[in-house]
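Participant: Please read through the structure below; I'll follow up with questions.
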Amino acid sequence: MAQQKRDYYEVLGVTKGASEDEIKKAFRKLAKQYHPDLHPGDKDCEEKFKEVNEAYEVLSDPDKKSRYDQFGHAGVDPNFGAGAGAGGFGGFGGFSDISDIFEGFFGGFGGSSRRANPNAPRRGQDISASVTIEFMEACKGKRISIRINRLEKCPECGGSGSEKGSSVKTCTECHGTGRIQVQQRTPFGAITSEQVCSRCGGKGKIIEKPCPACSGRGSVRKAVTREIDIPAGINNGQTLRVAGAGDCGVNGGANGDLNVTVYVKTDKMFERDGYDIWTEVPITYAQATLGAEITVPTIDGKVKYTLPAGTQTHTVFRLKGKGIKKLNRTDFGDHYVRVIVEIPKNLTKEQENRLREFDKALSDKNYQNRETFFSKLKDMFK
């Protein structure tokens with residue numbers, strides 16, 4: 001018993017009173033969604049695509065639409081004496097085949113697919129992965145191992161998809177093109193359309209005995225370990241491209257690429273700003289007042305720096321070229337040192353007394369900012 005056809009308005013997802021533009025818009029969306037070129041070998045999508053085409057063929061034609069609205073499917077049946085048969089890919093008056101439809105509607109979507117060789121080499125898909133590295137590893141670079149899952153050529157069949165001892169044959173239905181032409185007779189003449197070959201599913205070849213290891217796909221998914229070089233200067237969130245480390249190609253095509261996003265941990269001592277490094281170094285009141293040689297940590301180790309006498313808190317000094325190597329370059333950023341004068345706590349009575357005596361021995365001239373402040377204040381209240 002033949003399966004009952006669905007209502008054409010239901011197929012396109014529009015109401016019975018839908019306008020011509022609404023019908024055309026719904027058709028475009030569904031035709032793109034179920035086009036056989038996007039789902040090679042998928043019988044369900046192929047049938048839905050046919051159903052969508054059939055519905056649009058009727059609802060886009062005012063005469064057929066009128067008969068369908070009045071008599072239902074019987075009104076557009078060939079025996080009713082009007083129109084072409086509903087079904088297949090024909091009947092789109094003004095278009096010679098399905099590629100012309102997409103050429104007209106979508107600017108070439110699927111337009112050249114009928115001329116493409118289904119057995120031509122195709123590049124594999126790119127794959128993505130991510131790694132987290134230490135701050136110093138990003139500064140200096142490092143070779144690391146990463147675990148990835150990718151498609152590799154089936155080792156059992158060598159990528160042919162055919163069981164050992166059996167062969168792959170050219171499809172006799174489409175002669176290896178993956179497409180077949182269908183001709184329909186209509187009151188306006190014969191219309192030729194093109195569709196995916198149902199026998200080979202658009203592949204152009206027939207595998208009589210599929211490889212049991214890959215089920216005829218020619219590839220298997222495998223977890224592999226790959227070593228990659230993290231270059232010095234890589235920053236948090238940047239992506240490295242490893243050429244040829246992605247999924248294997250089809251029909252001898254090149255492998256895709258591996259894109260690795262690098263995440264960098266923060267550091268307790270250093271803060272990064274581009275290729276520059278910032279760090280804070282605490283100093284004593286005496287060091288700031290009298291000047292001193294201090295030790296500054298950098299990504300290359302400890303260095304000595306001489307503070308001038310009278311250094312104020314939050315003063316910033318630059319160590320030129322002591323920052324991070326610039327990515328894929330030979331020069332380096334700088335290292336900025338912010339000194340913080342630490343105020344002593346937990347003084348003994350003797351220390352407090354000595355500090356008070358020292359403070360009394362000073363005058364406003366020993367404090368440049370205080371002298372300037374009180375001078376402005378005095379002028380203000382003259």
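Residues in the structure tokens are named by chain (A, B, ... in the order shown) and by number from 1 within that chain; ligands are numbered from 1 in the order shown.
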Could you pull the residues within 7 Å of Ser166 (chain A), counting only C-alpha atoms, minus those fewer than 3 positions along the same chain, as a PyMOL selection string?
Facilitator: chain A and resi 162-163+209
Participant: Write a file of the selected residues as a compact mmCIF listing (two decimals), in the first residue's frame, keeping N, CA, C and O atoms.
Facilitator:
# COMPACT_ATOMS: atom_id res chain seq x y z
N SER A 162 37.52 -1.06 1.24
CA SER A 162 37.16 -2.40 0.77
C SER A 162 37.95 -3.47 1.52
O SER A 162 39.13 -3.30 1.83
N GLU A 163 37.29 -4.57 1.80
CA GLU A 163 37.94 -5.68 2.50
C GLU A 163 39.12 -6.21 1.69
O GLU A 163 39.10 -6.19 0.46
N LYS A 209 32.44 -5.53 -0.75
CA LYS A 209 32.71 -6.10 0.56
C LYS A 209 33.41 -5.04 1.43
O LYS A 209 34.62 -4.87 1.34
Participant: Could you give me, as a PyMOL selection string, each residue of region 213-307 of chain A that DSSP assigns to strand (DSSP E) when run on this structure's backbone?
Facilitator: chain A and resi 219-230+239-242+258-264+271-273+276-283+292-298+301-307
Participant: For the residues in that selection, give me N, CA and C atoms as a compact mmCIF listing (two decimals), in the first residue's frame.
Facilitator:
# COMPACT_ATOMS: atom_id res chain seq x y z
N SER A 219 38.55 5.16 6.88
CA SER A 219 39.27 5.85 7.95
C SER A 219 38.74 5.40 9.29
N VAL A 220 39.58 5.50 10.31
CA VAL A 220 39.19 5.15 11.68
C VAL A 220 39.65 6.26 12.62
N ARG A 221 38.86 6.50 13.66
CA ARG A 221 39.24 7.52 14.64
C ARG A 221 40.19 6.91 15.66
N LYS A 222 41.28 7.63 15.92
CA LYS A 222 42.32 7.07 16.77
C LYS A 222 42.90 8.16 17.67
N ALA A 223 43.20 7.78 18.91
CA ALA A 223 43.88 8.70 19.83
C ALA A 223 45.38 8.57 19.64
N VAL A 224 46.03 9.68 19.35
CA VAL A 224 47.47 9.66 19.11
C VAL A 224 48.15 10.76 19.94
N THR A 225 49.43 10.56 20.20
CA THR A 225 50.23 11.56 20.91
C THR A 225 51.09 12.30 19.89
N ARG A 226 51.04 13.62 19.94
CA ARG A 226 51.78 14.44 18.99
C ARG A 226 52.65 15.43 19.75
N GLU A 227 53.90 15.57 19.36
CA GLU A 227 54.79 16.55 19.98
C GLU A 227 54.71 17.86 19.19
N ILE A 228 54.56 18.95 19.92
CA ILE A 228 54.52 20.26 19.27
C ILE A 228 55.47 21.20 19.99
N ASP A 229 55.96 22.18 19.27
CA ASP A 229 56.88 23.17 19.83
C ASP A 229 56.09 24.43 20.19
N ILE A 230 56.11 24.78 21.47
CA ILE A 230 55.52 26.04 21.93
C ILE A 230 56.59 27.11 21.77
N THR A 239 46.54 30.78 19.34
CA THR A 239 46.37 29.47 18.72
C THR A 239 47.52 29.16 17.78
N LEU A 240 48.07 27.96 17.92
CA LEU A 240 49.13 27.49 17.04
C LEU A 240 48.54 26.57 15.99
N ARG A 241 49.00 26.70 14.76
CA ARG A 241 48.55 25.80 13.70
C ARG A 241 49.66 24.81 13.37
N VAL A 242 49.34 23.52 13.49
CA VAL A 242 50.29 22.46 13.16
C VAL A 242 49.82 21.85 11.84
N LEU A 258 45.98 20.84 12.62
CA LEU A 258 45.66 20.81 14.05
C LEU A 258 45.83 22.22 14.59
N ASN A 259 44.77 22.76 15.18
CA ASN A 259 44.81 24.10 15.78
C ASN A 259 44.81 23.96 17.30
N VAL A 260 45.92 24.39 17.92
CA VAL A 260 46.09 24.23 19.36
C VAL A 260 46.01 25.59 20.05
N THR A 261 44.99 25.77 20.89
CA THR A 261 44.86 27.00 21.67
C THR A 261 45.66 26.84 22.97
N VAL A 262 46.51 27.82 23.24
CA VAL A 262 47.43 27.76 24.38
C VAL A 262 46.93 28.66 25.51
N TYR A 263 46.77 28.08 26.70
CA TYR A 263 46.39 28.85 27.88
C TYR A 263 47.58 28.89 28.84
N VAL A 264 47.88 30.08 29.34
CA VAL A 264 49.07 30.29 30.17
C VAL A 264 48.65 30.61 31.60
N GLU A 271 54.02 39.87 36.34
CA GLU A 271 52.80 40.21 35.62
C GLU A 271 53.18 40.59 34.20
N ARG A 272 52.46 40.02 33.23
CA ARG A 272 52.81 40.26 31.83
C ARG A 272 51.94 41.36 31.22
N ASP A 273 52.57 42.20 30.41
CA ASP A 273 51.86 43.23 29.66
C ASP A 273 52.44 43.23 28.25
N ASP A 276 56.25 42.91 27.82
CA ASP A 276 56.92 43.50 28.98
C ASP A 276 56.53 42.72 30.25
N ILE A 277 57.45 42.80 31.24
CA ILE A 277 57.22 42.16 32.54
C ILE A 277 57.19 43.25 33.60
N TRP A 278 56.24 43.10 34.53
CA TRP A 278 56.17 44.01 35.67
C TRP A 278 56.33 43.20 36.95
N THR A 279 57.06 43.80 37.90
CA THR A 279 57.18 43.16 39.21
C THR A 279 57.34 44.25 40.27
N GLU A 280 56.90 43.96 41.49
CA GLU A 280 57.03 44.90 42.60
C GLU A 280 58.08 44.38 43.58
N VAL A 281 58.95 45.29 44.02
CA VAL A 281 60.01 44.93 44.96
C VAL A 281 59.88 45.82 46.21
N PRO A 282 59.69 45.22 47.38
CA PRO A 282 59.60 46.02 48.61
C PRO A 282 61.00 46.47 49.06
N ILE A 283 61.11 47.72 49.50
CA ILE A 283 62.40 48.23 50.01
C ILE A 283 62.14 48.88 51.37
N ALA A 292 70.51 52.30 47.76
CA ALA A 292 71.05 50.97 48.07
C ALA A 292 71.08 50.12 46.81
N GLU A 293 71.83 49.05 46.87
CA GLU A 293 71.83 48.06 45.78
C GLU A 293 70.83 46.97 46.16
N ILE A 294 69.86 46.76 45.30
CA ILE A 294 68.83 45.76 45.58
C ILE A 294 68.88 44.63 44.55
N THR A 295 68.30 43.51 44.92
CA THR A 295 68.23 42.36 44.02
C THR A 295 66.84 42.30 43.38
N VAL A 296 66.81 42.23 42.05
CA VAL A 296 65.54 42.20 41.32
C VAL A 296 65.41 40.86 40.60
N PRO A 297 64.31 40.12 40.81
CA PRO A 297 64.10 38.87 40.09
C PRO A 297 63.58 39.16 38.67
N THR A 298 64.14 38.51 37.67
CA THR A 298 63.66 38.61 36.29
C THR A 298 63.44 37.20 35.76
N GLY A 301 66.62 35.32 35.68
CA GLY A 301 67.39 35.18 36.92
C GLY A 301 67.49 36.51 37.65
N LYS A 302 68.27 36.51 38.74
CA LYS A 302 68.40 37.70 39.57
C LYS A 302 69.40 38.69 38.96
N VAL A 303 69.07 40.00 39.07
CA VAL A 303 70.00 41.05 38.63
C VAL A 303 70.11 42.09 39.74
N LYS A 304 71.20 42.80 39.75
CA LYS A 304 71.43 43.86 40.74
C LYS A 304 71.03 45.21 40.16
N TYR A 305 70.43 46.04 41.03
CA TYR A 305 70.06 47.38 40.58
C TYR A 305 70.34 48.36 41.72
N THR A 306 70.92 49.49 41.37
CA THR A 306 71.29 50.49 42.37
C THR A 306 70.22 51.58 42.47
N LEU A 307 69.61 51.65 43.65
CA LEU A 307 68.60 52.68 43.87
C LEU A 307 69.29 54.00 44.22
Participant: Considering only alpha helix (DSSP H) as DSSP defines it on the backbone, what residues of region 216-320 of chain A qualify? List them as a list in words.
Facilitator: Tyr285, Ala286, Gln287, Ala288, Thr289 and Leu290 of chain A
Participant: Would you mind telling me which residue in A:Val14, A:Ser128, A:Asp44, A:Phe49 lies nearest to Lys32 (chain A) when using only C-alpha atoms?
Facilitator: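 The shortest atom-to-atom distance to Lys32 (chain A) comes from A:Phe49.
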Participant: In Å, how far is it from CA of Cys154 (chain A) to CA of Thr177 (chain A)?
Facilitator: 24.4 Å
Participant: Tell me, as a PyMOL selection string, which residues lie within 7 Å of region 135-142 of chain A, counting only C-alpha atoms; anything in the same chain fewer than 3 positions away does not count.
Facilitator: chain A and resi 229-235+264-267+324-325
Participant: Limited to C-alpha atoms, could you put the picked residues into a file as a short mmCIF file (atom, residue, chain, number, x, y, z; two decimals), in the first residue's frame?
Facilitator:
data_model
loop_
_atom_site.label_atom_id
_atom_site.label_comp_id
_atom_site.auth_asym_id
_atom_site.auth_seq_id
_atom_site.Cartn_x
_atom_site.Cartn_y
_atom_site.Cartn_z
CA ASP A 229 56.88 23.17 19.83
CA ILE A 230 55.52 26.04 21.93
CA PRO A 231 57.43 29.11 20.70
CA ALA A 232 58.94 31.58 23.16
CA GLY A 233 56.67 34.59 23.60
CA ILE A 234 53.33 32.80 23.13
CA ASN A 235 50.56 34.62 24.99
CA VAL A 264 49.07 30.29 30.17
CA LYS A 265 48.94 30.15 33.97
CA THR A 266 49.48 33.32 35.97
CA ASP A 267 52.66 33.79 38.01
CA ILE A 324 59.85 38.39 27.02
CA LYS A 325 61.20 37.47 23.61
#
